[in-house]
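Q: The file below is query13.txt, compact mmCIF, C-alpha atoms:
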# COMPACT_ATOMS: atom_id res chain seq x y z
CA MET L 1 60.39 83.27 156.29
CA ALA L 2 61.85 83.51 159.84
CA PRO L 3 59.24 83.75 162.59
CA SER L 4 58.57 87.18 164.08
CA PRO L 5 59.29 87.93 167.81
CA HIS L 6 55.56 87.91 168.66
CA THR L 7 54.99 84.44 167.27
CA LEU L 8 58.25 83.28 168.91
CA SER L 9 57.19 84.44 172.36
CA ALA L 10 53.74 82.96 171.84
CA ARG L 11 55.23 79.60 171.04
CA LEU L 12 57.61 79.69 174.04
CA LEU L 13 54.66 80.26 176.38
CA THR L 14 52.91 77.11 175.17
CA GLY L 15 55.40 74.88 176.87
CA TRP L 16 57.07 71.70 175.71
CA GLY L 17 54.77 71.13 172.74
CA GLY L 18 55.30 74.61 171.41
CA GLY L 19 59.06 74.23 171.71
CA CYS L 20 58.99 71.04 169.60
CA VAL L 21 56.95 72.75 166.92
CA TRP L 22 59.29 75.71 166.92
CA TYR L 23 62.35 73.45 166.58
CA LEU L 24 60.91 71.51 163.67
CA GLU L 25 59.92 74.71 161.88
CA ARG L 26 63.35 76.21 162.35
CA SER L 27 65.10 73.12 161.03
CA ALA L 28 62.83 73.01 157.98
CA VAL L 29 63.45 76.68 157.15
CA TRP L 30 67.20 76.85 157.68
CA GLU L 31 68.37 73.37 156.69
CA SER L 32 66.16 72.64 153.65
CA PRO L 33 68.32 74.62 151.14
CA HIS L 34 71.45 72.80 152.27
CA ARG L 35 69.80 69.46 151.93
CA LEU L 36 68.44 70.36 148.50
CA THR L 37 71.91 71.40 147.34
CA ARG L 38 73.45 68.15 148.59
CA LEU L 39 70.69 66.20 146.89
CA LEU L 40 71.28 67.95 143.57
CA ARG L 41 75.02 67.36 143.81
CA SER L 42 74.59 63.69 144.58
CA ARG L 43 71.98 63.16 141.89
CA SER L 44 73.54 65.33 139.20
CA LYS L 45 73.47 62.52 136.68
CA GLN L 46 69.78 61.85 137.19
CA TRP L 47 68.46 65.45 137.36
CA ILE L 48 68.23 68.00 134.51
CA SER L 49 71.07 70.50 134.78
CA PHE L 50 71.15 74.18 133.74
CA GLN L 51 72.94 73.27 130.51
CA HIS L 52 70.10 70.92 129.59
CA CYS L 53 67.59 73.71 130.13
CA THR L 54 69.60 76.08 127.96
CA PHE L 55 69.87 73.48 125.21
CA LEU L 56 66.13 72.81 125.28
CA ARG L 57 65.41 76.54 125.17
CA ARG L 58 67.63 77.00 122.09
CA MET L 59 66.00 74.08 120.34
CA TYR L 60 62.57 75.57 121.03
CA VAL L 61 63.60 78.98 119.68
CA THR L 62 65.06 77.36 116.54
CA GLN L 63 61.92 75.37 115.85
CA LEU L 64 59.78 78.46 116.47
CA SER L 65 61.80 80.59 114.05
CA ARG L 66 61.56 77.88 111.39
CA SER L 67 57.82 77.74 111.73
CA LEU L 68 57.60 81.53 111.49
CA ASN L 69 59.75 81.55 108.36
CA GLN L 70 57.60 78.87 106.81
CA GLN L 71 54.49 80.87 107.56
CA ALA L 72 56.07 83.97 106.00
CA LYS L 73 56.72 82.23 102.67
CA PRO L 74 54.51 83.54 99.84
CA LYS L 75 51.62 81.33 99.02
CA PRO L 76 51.70 79.61 95.65
CA GLU L 77 49.47 81.07 93.00
CA PRO L 78 46.13 79.30 92.66
CA VAL L 79 45.92 76.84 89.82
CA ALA L 80 43.66 78.08 87.07
CA PRO L 81 40.76 75.84 85.96
CA PRO L 82 41.56 73.66 82.97
CA PHE L 83 38.93 75.24 80.74
CA LEU L 84 40.54 78.68 81.27
CA GLU L 85 44.03 77.39 80.47
CA LYS L 86 43.07 75.80 77.17
CA THR L 87 41.23 78.73 75.65
CA ALA L 88 41.56 82.46 75.39
CA LEU L 89 39.21 85.02 76.85
CA GLY L 90 36.64 84.56 74.10
CA GLY L 91 36.78 80.79 74.41
CA ALA L 92 36.35 81.06 78.14
CA LYS L 93 33.21 83.14 77.68
CA ASP L 94 31.82 80.49 75.32
CA GLU L 95 32.46 77.70 77.78
CA ILE L 96 30.88 79.68 80.58
CA TYR L 97 27.88 80.29 78.36
CA GLU L 98 27.64 76.55 77.68
CA MET L 99 27.67 75.78 81.39
CA ARG L 100 24.68 78.00 82.13
CA PRO L 101 21.98 75.47 81.09
CA LEU L 102 23.16 73.00 83.72
CA SER L 103 20.39 72.17 86.12
CA PRO L 104 20.87 72.94 89.80
CA PRO L 105 20.38 69.32 91.00
CA SER L 106 23.34 68.18 88.87
CA LEU L 107 25.66 70.57 90.66
CA SER L 108 27.26 68.98 93.66
CA VAL L 109 27.24 71.03 96.82
CA PRO L 110 30.78 71.42 98.10
CA ARG L 111 31.14 69.86 101.49
CA LYS L 112 33.03 71.49 104.27
CA PRO L 113 36.41 69.81 104.75
CA ASP L 114 37.05 68.09 108.01
CA GLU L 115 39.44 69.39 110.57
CA LYS L 116 41.80 66.46 109.98
CA GLU L 117 41.98 67.17 106.26
CA LEU L 118 42.80 70.83 106.89
CA MET L 119 45.56 69.82 109.28
CA GLY L 120 46.95 67.40 106.71
CA LEU L 121 46.96 70.02 103.97
CA ALA L 122 48.62 72.55 106.23
CA SER L 123 51.31 70.09 107.26
CA ALA L 124 51.93 69.14 103.61
CA ALA L 125 52.27 72.81 102.65
CA VAL L 126 54.67 73.38 105.52
CA THR L 127 56.81 70.35 104.76
CA GLU L 128 56.88 70.47 100.95
CA ASP L 129 56.77 74.13 99.87
CA PRO L 130 59.68 75.41 102.01
CA MET L 131 61.93 72.69 100.66
CA ALA L 132 61.06 73.56 97.06
CA VAL L 133 61.51 77.28 97.73
CA GLY L 134 64.76 76.57 99.50
CA LYS L 135 66.07 74.61 96.53
CA GLU L 136 65.12 77.40 94.14
CA THR L 137 66.80 80.05 96.26
CA LYS L 138 69.92 77.94 96.61
CA GLU L 139 70.09 77.41 92.87
CA GLU L 140 69.62 81.14 92.24
CA LYS L 141 72.26 82.16 94.76
CA GLN L 142 74.72 79.51 93.63
CA TRP L 143 77.51 80.82 91.41
CA LYS L 144 77.29 79.45 87.90
CA GLU L 145 80.02 79.56 85.31
CA MET L 146 78.83 81.23 82.12
CA LYS L 147 79.44 78.99 79.15
CA LEU L 148 80.60 80.68 75.97
CA SER L 149 79.07 79.36 72.79
CA VAL L 150 81.03 79.50 69.56
CA ASP L 151 77.98 80.86 67.73
CA ASP L 152 77.72 83.82 70.15
CA LEU L 153 81.42 84.68 70.00
CA PRO L 154 81.32 86.89 66.85
CA GLY L 155 78.53 89.05 68.26
CA ILE L 156 80.28 89.37 71.62
CA LEU L 157 83.55 90.38 70.00
CA ALA L 158 81.70 92.86 67.79
CA ARG L 159 80.24 94.54 70.88
CA LEU L 160 83.62 94.41 72.59
CA SER L 161 85.24 96.25 69.69
CA LYS L 162 82.33 98.78 69.39
CA ILE L 163 81.65 97.80 65.82
CA LYS L 164 79.55 100.91 65.08
CA LEU L 165 82.29 103.26 66.24
CA THR L 166 84.83 101.21 64.30
CA ALA L 167 82.68 101.55 61.17
CA LEU L 168 82.65 105.34 61.63
CA VAL L 169 86.46 105.37 61.98
CA VAL L 170 86.89 103.29 58.83
CA SER L 171 84.48 105.50 56.88
CA THR L 172 86.35 108.70 57.80
CA THR L 173 89.65 107.02 56.89
CA SER L 174 88.18 106.06 53.53
CA ALA L 175 87.04 109.65 52.99
CA GLY L 176 90.53 110.93 53.69
CA PHE L 177 92.02 108.41 51.27
CA ALA L 178 89.52 109.32 48.54
CA LEU L 179 89.98 113.10 48.97
CA ALA L 180 93.78 112.92 48.66
CA PRO L 181 95.15 114.40 45.43
CA GLU L 182 96.39 111.03 44.17
CA PRO L 183 94.97 108.33 41.90
CA PHE L 184 92.78 105.84 43.70
CA ALA L 185 94.65 102.56 44.29
CA TRP L 186 92.44 99.70 45.43
CA PRO L 187 95.15 97.50 47.03
CA CYS L 188 96.44 100.37 49.14
CA PHE L 189 92.88 101.39 50.02
CA LEU L 190 91.93 97.91 51.22
CA LEU L 191 95.08 97.58 53.33
CA THR L 192 94.46 101.01 54.85
CA THR L 193 90.85 100.34 55.79
CA LEU L 194 91.63 96.86 57.13
CA GLY L 195 94.58 98.03 59.21
CA THR L 196 92.66 101.04 60.56
CA GLY L 197 89.68 98.84 61.46
CA LEU L 198 91.87 96.36 63.36
CA ALA L 199 93.62 99.18 65.22
CA SER L 200 90.24 100.67 66.18
CA CYS L 201 88.99 97.28 67.42
CA ALA L 202 92.10 96.89 69.56
CA ALA L 203 91.77 100.36 71.10
CA ASN L 204 88.08 99.91 71.89
CA SER L 205 88.65 96.49 73.47
CA ILE L 206 91.38 97.82 75.75
CA ASN L 207 89.15 100.75 76.65
CA GLN L 208 86.37 98.39 77.78
CA PHE L 209 88.90 96.27 79.69
CA PHE L 210 89.98 99.28 81.77
CA GLU L 211 86.46 100.61 82.40
CA VAL L 212 84.69 97.46 83.65
CA PRO L 213 84.23 98.68 87.28
CA PHE L 214 82.79 101.99 86.10
CA ASP L 215 80.69 100.70 83.22
CA SER L 216 78.79 98.48 85.65
CA ASN L 217 77.36 101.60 87.33
CA MET L 218 75.98 103.11 84.11
CA ASN L 219 72.77 102.09 82.38
CA ARG L 220 74.32 102.87 79.01
CA THR L 221 77.25 100.47 79.44
CA LYS L 222 76.09 97.88 81.97
CA ASN L 223 75.34 95.31 79.24
CA ARG L 224 78.81 95.28 77.73
CA PRO L 225 80.39 91.81 77.42
CA LEU L 226 83.05 92.26 80.09
CA VAL L 227 80.59 93.79 82.55
CA ARG L 228 78.16 90.90 82.16
CA GLY L 229 80.95 88.34 82.31
CA GLN L 230 80.25 86.91 78.87
CA ILE L 231 83.98 86.71 78.19
CA SER L 232 86.98 86.75 80.46
CA PRO L 233 89.36 89.73 80.69
CA LEU L 234 92.15 87.50 79.39
CA LEU L 235 90.18 86.77 76.23
CA ALA L 236 89.46 90.49 75.77
CA VAL L 237 93.14 91.42 76.08
CA SER L 238 94.13 88.55 73.76
CA PHE L 239 91.60 89.74 71.19
CA ALA L 240 92.95 93.29 71.44
CA ALA L 241 96.51 92.06 70.91
CA CYS L 242 95.44 89.90 67.95
CA CYS L 243 93.88 93.02 66.37
CA ALA L 244 96.59 95.54 67.21
CA VAL L 245 99.63 93.59 65.99
CA PRO L 246 98.39 92.72 62.48
CA GLY L 247 96.64 96.09 62.15
CA VAL L 248 99.80 98.08 62.85
CA ALA L 249 101.81 95.68 60.69
CA LEU L 250 99.48 96.22 57.72
CA LEU L 251 99.62 99.99 58.11
CA THR L 252 103.40 100.07 58.51
CA TRP L 253 104.63 97.57 55.93
CA GLY L 254 101.58 97.33 53.69
CA VAL L 255 100.90 101.06 53.36
CA ASN L 256 103.72 103.29 54.68
CA PRO L 257 105.54 103.86 58.00
CA LEU L 258 103.93 107.26 58.56
CA THR L 259 100.43 105.78 58.55
CA GLY L 260 101.58 102.96 60.85
CA ALA L 261 103.09 105.46 63.27
CA LEU L 262 99.82 107.41 63.33
CA GLY L 263 97.95 104.18 64.08
CA VAL L 264 100.22 103.33 67.00
CA PHE L 265 99.97 106.88 68.33
CA ASN L 266 96.18 106.81 68.12
CA ILE L 267 95.95 103.51 70.03
CA PHE L 268 98.23 104.92 72.73
CA LEU L 269 96.33 108.21 72.91
CA TYR L 270 92.95 106.49 73.24
CA THR L 271 93.89 103.80 75.76
CA CYS L 272 96.59 105.45 77.88
CA CYS L 273 95.54 109.12 77.80
CA TYR L 274 91.86 109.50 77.01
CA THR L 275 90.58 106.50 79.02
CA PRO L 276 92.19 107.37 82.40
CA LEU L 277 91.64 111.10 81.85
CA LYS L 278 87.87 110.60 81.78
CA ARG L 279 87.88 110.27 85.58
CA VAL L 280 90.31 113.13 86.21
CA SER L 281 89.57 116.19 84.08
CA ILE L 282 87.17 117.55 81.47
CA ALA L 283 90.19 117.83 79.16
CA ASN L 284 89.39 114.26 78.15
CA THR L 285 86.86 115.64 75.64
CA TRP L 286 89.56 117.54 73.76
CA VAL L 287 91.90 114.53 73.83
CA GLY L 288 89.08 112.32 72.54
CA ALA L 289 88.45 114.81 69.72
CA ILE L 290 92.10 114.49 68.66
CA VAL L 291 91.69 110.70 68.64
CA GLY L 292 88.71 111.05 66.30
CA ALA L 293 90.51 113.51 64.04
CA ILE L 294 93.48 111.20 63.29
CA PRO L 295 91.72 108.53 61.11
CA PRO L 296 91.04 110.87 58.11
CA ILE L 297 94.63 112.07 58.39
CA MET L 298 95.73 108.41 58.21
CA GLY L 299 93.68 107.99 55.04
CA TRP L 300 95.33 111.05 53.51
CA THR L 301 98.85 109.91 54.45
CA ALA L 302 98.13 106.41 53.13
CA ALA L 303 97.40 107.88 49.69
CA THR L 304 100.05 110.61 49.59
CA GLY L 305 102.71 109.46 52.06
CA SER L 306 102.98 112.95 53.57
CA LEU L 307 101.18 115.35 55.88
CA ASP L 308 99.77 118.18 53.77
CA ALA L 309 97.41 121.03 54.51
CA GLY L 310 94.51 118.99 53.21
CA ALA L 311 95.17 116.30 55.85
CA PHE L 312 94.98 118.86 58.64
CA LEU L 313 91.82 120.33 57.09
CA LEU L 314 90.08 116.95 57.23
CA GLY L 315 91.35 116.38 60.73
CA GLY L 316 90.04 119.81 61.74
CA ILE L 317 86.58 119.06 60.37
CA LEU L 318 86.39 115.80 62.34
CA TYR L 319 87.80 117.54 65.40
CA CYS L 320 85.14 120.27 65.36
CA TRP L 321 82.29 117.90 64.51
CA GLN L 322 82.88 115.76 67.62
CA PHE L 323 82.09 118.54 70.11
CA PRO L 324 78.44 119.13 69.14
CA HIS L 325 78.06 115.38 68.66
CA PHE L 326 79.47 114.26 72.01
CA ASN L 327 78.38 117.24 74.13
CA ALA L 328 74.80 116.79 73.00
CA LEU L 329 75.00 113.07 73.72
CA SER L 330 76.53 113.52 77.16
CA TRP L 331 73.92 116.15 78.09
CA GLY L 332 71.21 113.50 78.12
CA LEU L 333 73.46 111.09 80.04
CA ARG L 334 74.56 113.40 82.84
CA GLU L 335 73.09 111.21 85.57
CA ASP L 336 74.72 108.14 84.05
CA TYR L 337 78.15 109.74 83.78
CA SER L 338 77.87 111.11 87.31
CA ARG L 339 76.93 107.66 88.62
CA GLY L 340 79.90 106.13 86.82
CA GLY L 341 82.30 108.70 88.24
CA TYR L 342 83.32 110.27 84.92
CA CYS L 343 84.39 113.90 84.75
CA MET L 344 82.44 115.33 81.83
CA MET L 345 81.68 118.92 80.85
CA SER L 346 77.96 118.22 80.94
CA VAL L 347 78.25 117.16 84.59
CA THR L 348 80.78 119.59 86.06
CA HIS L 349 80.61 122.56 83.65
CA PRO L 350 77.20 122.57 81.91
CA GLY L 351 77.56 126.15 80.66
CA LEU L 352 80.95 125.45 79.10
CA CYS L 353 79.56 122.30 77.53
CA ARG L 354 76.93 124.28 75.60
CA ARG L 355 79.32 127.09 74.63
CA VAL L 356 81.93 124.67 73.27
CA ALA L 357 79.31 122.89 71.18
CA LEU L 358 78.12 126.17 69.63
CA ARG L 359 81.65 127.41 68.90
CA HIS L 360 82.63 124.28 67.00
CA CYS L 361 79.37 124.29 65.04
CA LEU L 362 80.32 127.73 63.76
CA ALA L 363 83.89 126.54 63.12
CA LEU L 364 82.54 123.99 60.65
CA VAL L 365 81.36 126.86 58.44
CA ALA L 366 84.83 128.41 58.41
CA LEU L 367 86.59 125.09 57.70
CA SER L 368 84.24 124.38 54.80
CA ALA L 369 85.10 127.76 53.34
CA ALA L 370 88.83 126.99 53.69
CA ALA L 371 88.62 123.73 51.71
CA PRO L 372 88.81 125.33 48.22
CA ALA L 373 91.51 127.70 49.39
CA LEU L 374 93.69 124.69 50.24
CA ASP L 375 93.00 123.04 46.85
CA VAL L 376 91.05 120.19 48.39
CA THR L 377 87.67 121.00 46.79
CA THR L 378 86.23 123.44 44.34
CA TRP L 379 84.47 126.64 45.34
CA THR L 380 81.15 124.93 44.88
CA PHE L 381 81.59 122.97 48.08
CA PRO L 382 81.32 125.84 50.62
CA VAL L 383 78.20 127.08 48.84
CA ILE L 384 76.30 123.78 48.83
CA ALA L 385 77.55 122.87 52.31
CA LEU L 386 76.42 126.17 53.79
CA PRO L 387 72.77 125.13 54.45
CA ILE L 388 73.64 122.04 56.49
CA ASN L 389 76.38 123.93 58.35
CA LEU L 390 73.97 126.75 59.18
CA TYR L 391 71.34 124.25 60.31
CA ILE L 392 73.66 122.48 62.75
CA SER L 393 74.81 125.90 63.97
CA TYR L 394 71.20 126.87 64.57
CA LEU L 395 70.62 123.69 66.58
CA GLY L 396 73.82 124.40 68.49
CA PHE L 397 72.47 127.84 69.36
CA ARG L 398 69.15 126.31 70.47
CA PHE L 399 71.08 123.90 72.67
CA TYR L 400 73.09 126.79 74.13
CA ARG L 401 69.97 128.86 74.82
CA ASP L 402 67.47 126.25 76.01
CA ALA L 403 69.81 123.82 77.77
CA ASP L 404 67.28 121.00 77.82
CA ARG L 405 67.09 117.40 76.66
CA LYS L 406 64.93 118.20 73.65
CA SER L 407 67.43 120.59 72.10
CA SER L 408 70.36 118.29 72.90
CA ARG L 409 68.63 115.34 71.22
CA LYS L 410 67.94 117.37 68.09
CA LEU L 411 71.57 118.46 67.89
CA PHE L 412 72.80 114.90 68.44
CA PHE L 413 70.62 113.36 65.74
CA CYS L 414 71.53 116.16 63.35
CA SER L 415 75.21 115.38 63.86
CA LEU L 416 74.59 111.75 62.84
CA TRP L 417 73.64 112.69 59.29
CA HIS L 418 75.61 115.93 59.04
CA LEU L 419 79.07 114.35 58.90
CA PRO L 420 78.45 111.71 56.19
CA LEU L 421 76.57 114.26 54.09
CA LEU L 422 79.38 116.80 54.44
CA LEU L 423 82.00 114.23 53.42
CA LEU L 424 79.90 113.17 50.43
CA LEU L 425 79.65 116.80 49.33
CA MET L 426 83.42 117.14 49.62
CA LEU L 427 83.91 114.04 47.47
CA SER L 428 81.49 115.34 44.85
CA CYS L 429 83.33 118.67 44.76
CA LYS L 430 86.86 117.24 44.86
CA ARG L 431 89.35 119.20 42.79
CA PRO L 432 90.38 117.20 39.71
CA LEU L 433 93.94 115.91 39.49
CA ALA L 434 96.41 117.87 37.38
CA GLY L 435 98.03 115.59 34.80
CA SER L 436 96.12 112.49 35.79
CA SER L 437 97.37 110.61 32.73
CA GLY L 438 100.90 110.38 34.10
CA ALA L 439 99.98 109.56 37.62
CA GLY L 440 101.53 106.48 39.08
CA GLU L 441 101.04 104.34 42.15
CA PRO L 442 100.94 106.04 45.54
CA PRO L 443 104.14 105.79 47.54
CA SER L 444 104.43 102.83 49.90
Any chance you could give the structure as structure tokens?

A:
Amino acid sequence: MAPSPHTLSARLLTGWGGGCVWYLERSAVWESPHRLTRLLRSRSKQWISFQHCTFLRRMYVTQLSRSLNQQAKPKPEPVAPPFLEKTALGGAKDEIYEMRPLSPPSLSVPRKPDEKELMGLASAAVTEDPMAVGKETKEEKQWKEMKLSVDDLPGILARLSKIKLTALVVSTTSAGFALAPEPFAWPCFLLTTLGTGLASCAANSINQFFEVPFDSNMNRTKNRPLVRGQISPLLAVSFAACCAVPGVALLTWGVNPLTGALGVFNIFLYTCCYTPLKRVSIANTWVGAIVGAIPPIMGWTAATGSLDAGAFLLGGILYCWQFPHFNALSWGLREDYSRGGYCMMSVTHPGLCRRVALRHCLALVALSAAAPALDVTTWTFPVIALPINLYISYLGFRFYRDADRKSSRKLFFCSLWHLPLLLLLMLSCKRPLAGSSGAGEPPS
């Protein structure tokens, strides 16, 4: 600091000695910074600069953060004693019981480890464990190409084509073929079922190809092959094409052009109308019901070669059955459909969802009564089918009134056995053919 006026005057009064002291003090205070600056500039190569200090500080912070991360790593689980690993709980109790008679002098007193040993163990844990953990995390985070095994390919393609839904489509097509007022022809029947099954596999595969980003958000569909990356999208599209082309060809040239045209129309309706409409409007449920109603009509046209009233009756039964079936299913999956971004009645219009299910349950009673009037079955069919139709209508009413998961599950599981039983009753009550002795082959 600069000297105050009092000290300055005191020094001036001391004479020549005080003046020398004052001069030396002034030169030390005012000229020392300049000399220090010149010294640093001249010795810049030998002194530590500001950049060196910054570099050393960064190195220290890096080392400190590494040590903190190493300390934060979870400790490895303690190794179990060998006698506990070899035996179960009962065996462990026996071994412990055998160790009880050991005399105390034979037991060695554990000594306290030295400070050097503790330091060595700590350093080993710090140097070895983080490397192993780092390797594991790198291997987990590293992208790995999923290898497709030839043995797993049939199961993957079966899930891609929704084999259970395809089996339902083929069974309804077979029912339509068997209920047609024509003699049963096995070659035509086999071609019809095979072509319909291939067309259904193609439509379901394309549907999964389009819905991969949305299926990954749903618990119900997150394990599908394309979502999990078990097969590539190119393979899925190739499989769909390999199913669609021969399937439509079999239906067109092996059965008749009308059945082939219905197959092409159903593939288009399912993939290009129903699939994108699921994210736009609740009308997708009605479009999907039309898709499900076409297969029995295809079976009827394959046997007769024409669209008769009986074909539309079978299509109407499948159309009405799908509403209690799907609305009850979607009621328990509302959170899933909402998470996936699908516009379903159960999510956006829950009251309408329950009303529509009840209406179509009651419509099944009316359609069963119309079957003998259209010469499809005898009058026995509406009588014996009345109990199961009334039961599903009762469950539909319970679903409409209670609006809970329990009632929806009961209605859904009832629909699973209601449709095959109803079709079996129709087959058992089929109206006999008039003049069956002169019947010939069905038109191709």

Q: So how many Å separate atom CA of L:Cys429 and atom CA of L:Cys188, to one decimal?

A: 22.9 Å

Q: Return the single residue from L:Pro181, L:Ser232, L:Gly197, L:Ser338 that is closest to L:Ala244, with distances computed using only C-alpha atoms.

A: L:Gly197

Q: At most 10 Å is the cut-off: for each residue in stretch 325-424 of chain L with any atom that close to an atom of stretch 204-217 of chain L, write down the nearest atom pair and the distance in Å rounded to one decimal, counting all atoms listed in the file, chain first then increasing number, as CSV.

A:
residue,atom,partner,partner_atom,distance
L:Asp336,CA,L:Asn217,CA,7.8
L:Tyr337,CA,L:Asn217,CA,8.9
L:Ser338,CA,L:Asn217,CA,9.5
L:Arg339,CA,L:Asn217,CA,6.2
L:Gly340,CA,L:Phe214,CA,5.1
L:Gly341,CA,L:Phe214,CA,7.1
L:Tyr342,CA,L:Phe214,CA,8.4

Q: What are the closest atom pairs, with distances in Å to one decimal, for each residue of stretch 303-325 of chain L lying within 12 Å of stretch 390-396 of chain L, using only C-alpha atoms, rows by chain and rising residue number, as CSV?

A:
residue,atom,partner,partner_atom,distance
L:Cys320,CA,L:Ser393,CA,11.8
L:Trp321,CA,L:Ile392,CA,9.9
L:Phe323,CA,L:Gly396,CA,10.3
L:Pro324,CA,L:Gly396,CA,7.0
L:His325,CA,L:Gly396,CA,10.0

Q: Write out the residues from the selection above, keeping C-alpha atoms, as a compact mmCIF listing (two decimals), in the coordinates of the input.

A:
# COMPACT_ATOMS: atom_id res chain seq x y z
CA CYS L 320 85.14 120.27 65.36
CA TRP L 321 82.29 117.90 64.51
CA PHE L 323 82.09 118.54 70.11
CA PRO L 324 78.44 119.13 69.14
CA HIS L 325 78.06 115.38 68.66

Q: Using all atoms listed in the file for the distances, tell me which of L:Thr166, L:Thr259, L:Ser346, L:Thr172 is nearest to L:Tyr400.

A: L:Ser346

Q: So which residues touch L:Gly299 within 10 Å, counting only C-alpha atoms, skipping near sequence neighbours fewer than 6 positions away, as a PDB file with C-alpha atoms, in the coordinates of the input?

A:
ATOM      1  CA  VAL L 170      86.890 103.290  58.830  1.00  0.00           C
ATOM      2  CA  SER L 171      84.480 105.500  56.880  1.00  0.00           C
ATOM      3  CA  THR L 172      86.350 108.700  57.800  1.00  0.00           C
ATOM      4  CA  THR L 173      89.650 107.020  56.890  1.00  0.00           C
ATOM      5  CA  SER L 174      88.180 106.060  53.530  1.00  0.00           C
ATOM      6  CA  ALA L 175      87.040 109.650  52.990  1.00  0.00           C
ATOM      7  CA  GLY L 176      90.530 110.930  53.690  1.00  0.00           C
ATOM      8  CA  PHE L 177      92.020 108.410  51.270  1.00  0.00           C
ATOM      9  CA  ALA L 178      89.520 109.320  48.540  1.00  0.00           C
ATOM     10  CA  LEU L 179      89.980 113.100  48.970  1.00  0.00           C
ATOM     11  CA  ALA L 180      93.780 112.920  48.660  1.00  0.00           C
ATOM     12  CA  PHE L 189      92.880 101.390  50.020  1.00  0.00           C
ATOM     13  CA  THR L 192      94.460 101.010  54.850  1.00  0.00           C
ATOM     14  CA  THR L 193      90.850 100.340  55.790  1.00  0.00           C
ATOM     15  CA  THR L 196      92.660 101.040  60.560  1.00  0.00           C
ATOM     16  CA  THR L 259     100.430 105.780  58.550  1.00  0.00           C
ATOM     17  CA  GLY L 305     102.710 109.460  52.060  1.00  0.00           C
ATOM     18  CA  ALA L 311      95.170 116.300  55.850  1.00  0.00           C
ATOM     19  CA  LEU L 314      90.080 116.950  57.230  1.00  0.00           C
TER      20      LEU L 314
END

Q: Atom CA of L:Leu262 to atom CA of L:Asp308: how many Å, to one decimal?

A: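 Interatomic distance here is 14.4 Å.
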
Q: Return the single residue from L:Leu251, L:Leu269, L:Val280, L:Leu160 that is closest to L:Ala236, with distances computed using all atoms listed in the file.

A: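 Checking each candidate against L:Ala236, we get L:Leu160 as the closest.
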
Q: Set the distance at 9 Å and use all atoms listed in the file: which residues neighbour L:Thr285 once local chain neighbours fewer than 5 positions away are removed? I'd like the list as a compact mmCIF listing (two decimals) with C-alpha atoms, in the frame of the given file.

A:
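Everything below was put into around20.txt:
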# COMPACT_ATOMS: atom_id res chain seq x y z
CA TYR L 274 91.86 109.50 77.01
CA LYS L 278 87.87 110.60 81.78
CA ILE L 290 92.10 114.49 68.66
CA GLN L 322 82.88 115.76 67.62
CA PHE L 323 82.09 118.54 70.11
CA PHE L 326 79.47 114.26 72.01
CA ASN L 327 78.38 117.24 74.13
CA MET L 344 82.44 115.33 81.83
CA MET L 345 81.68 118.92 80.85

Q: Find the residues near L:Ala309: any atom within 10 Å, counting only C-alpha atoms, skip ones fewer than 2 places away on the same chain, and give them as a ChimeraX atom specification.

A: /L:306-307,311-315,371,374-376

Q: I'd like the interatomic distance between atom CA of L:Lys164 and atom CA of L:Leu191, to a tenth of an Å.

A: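 These two atoms are separated by 19.8 Å.
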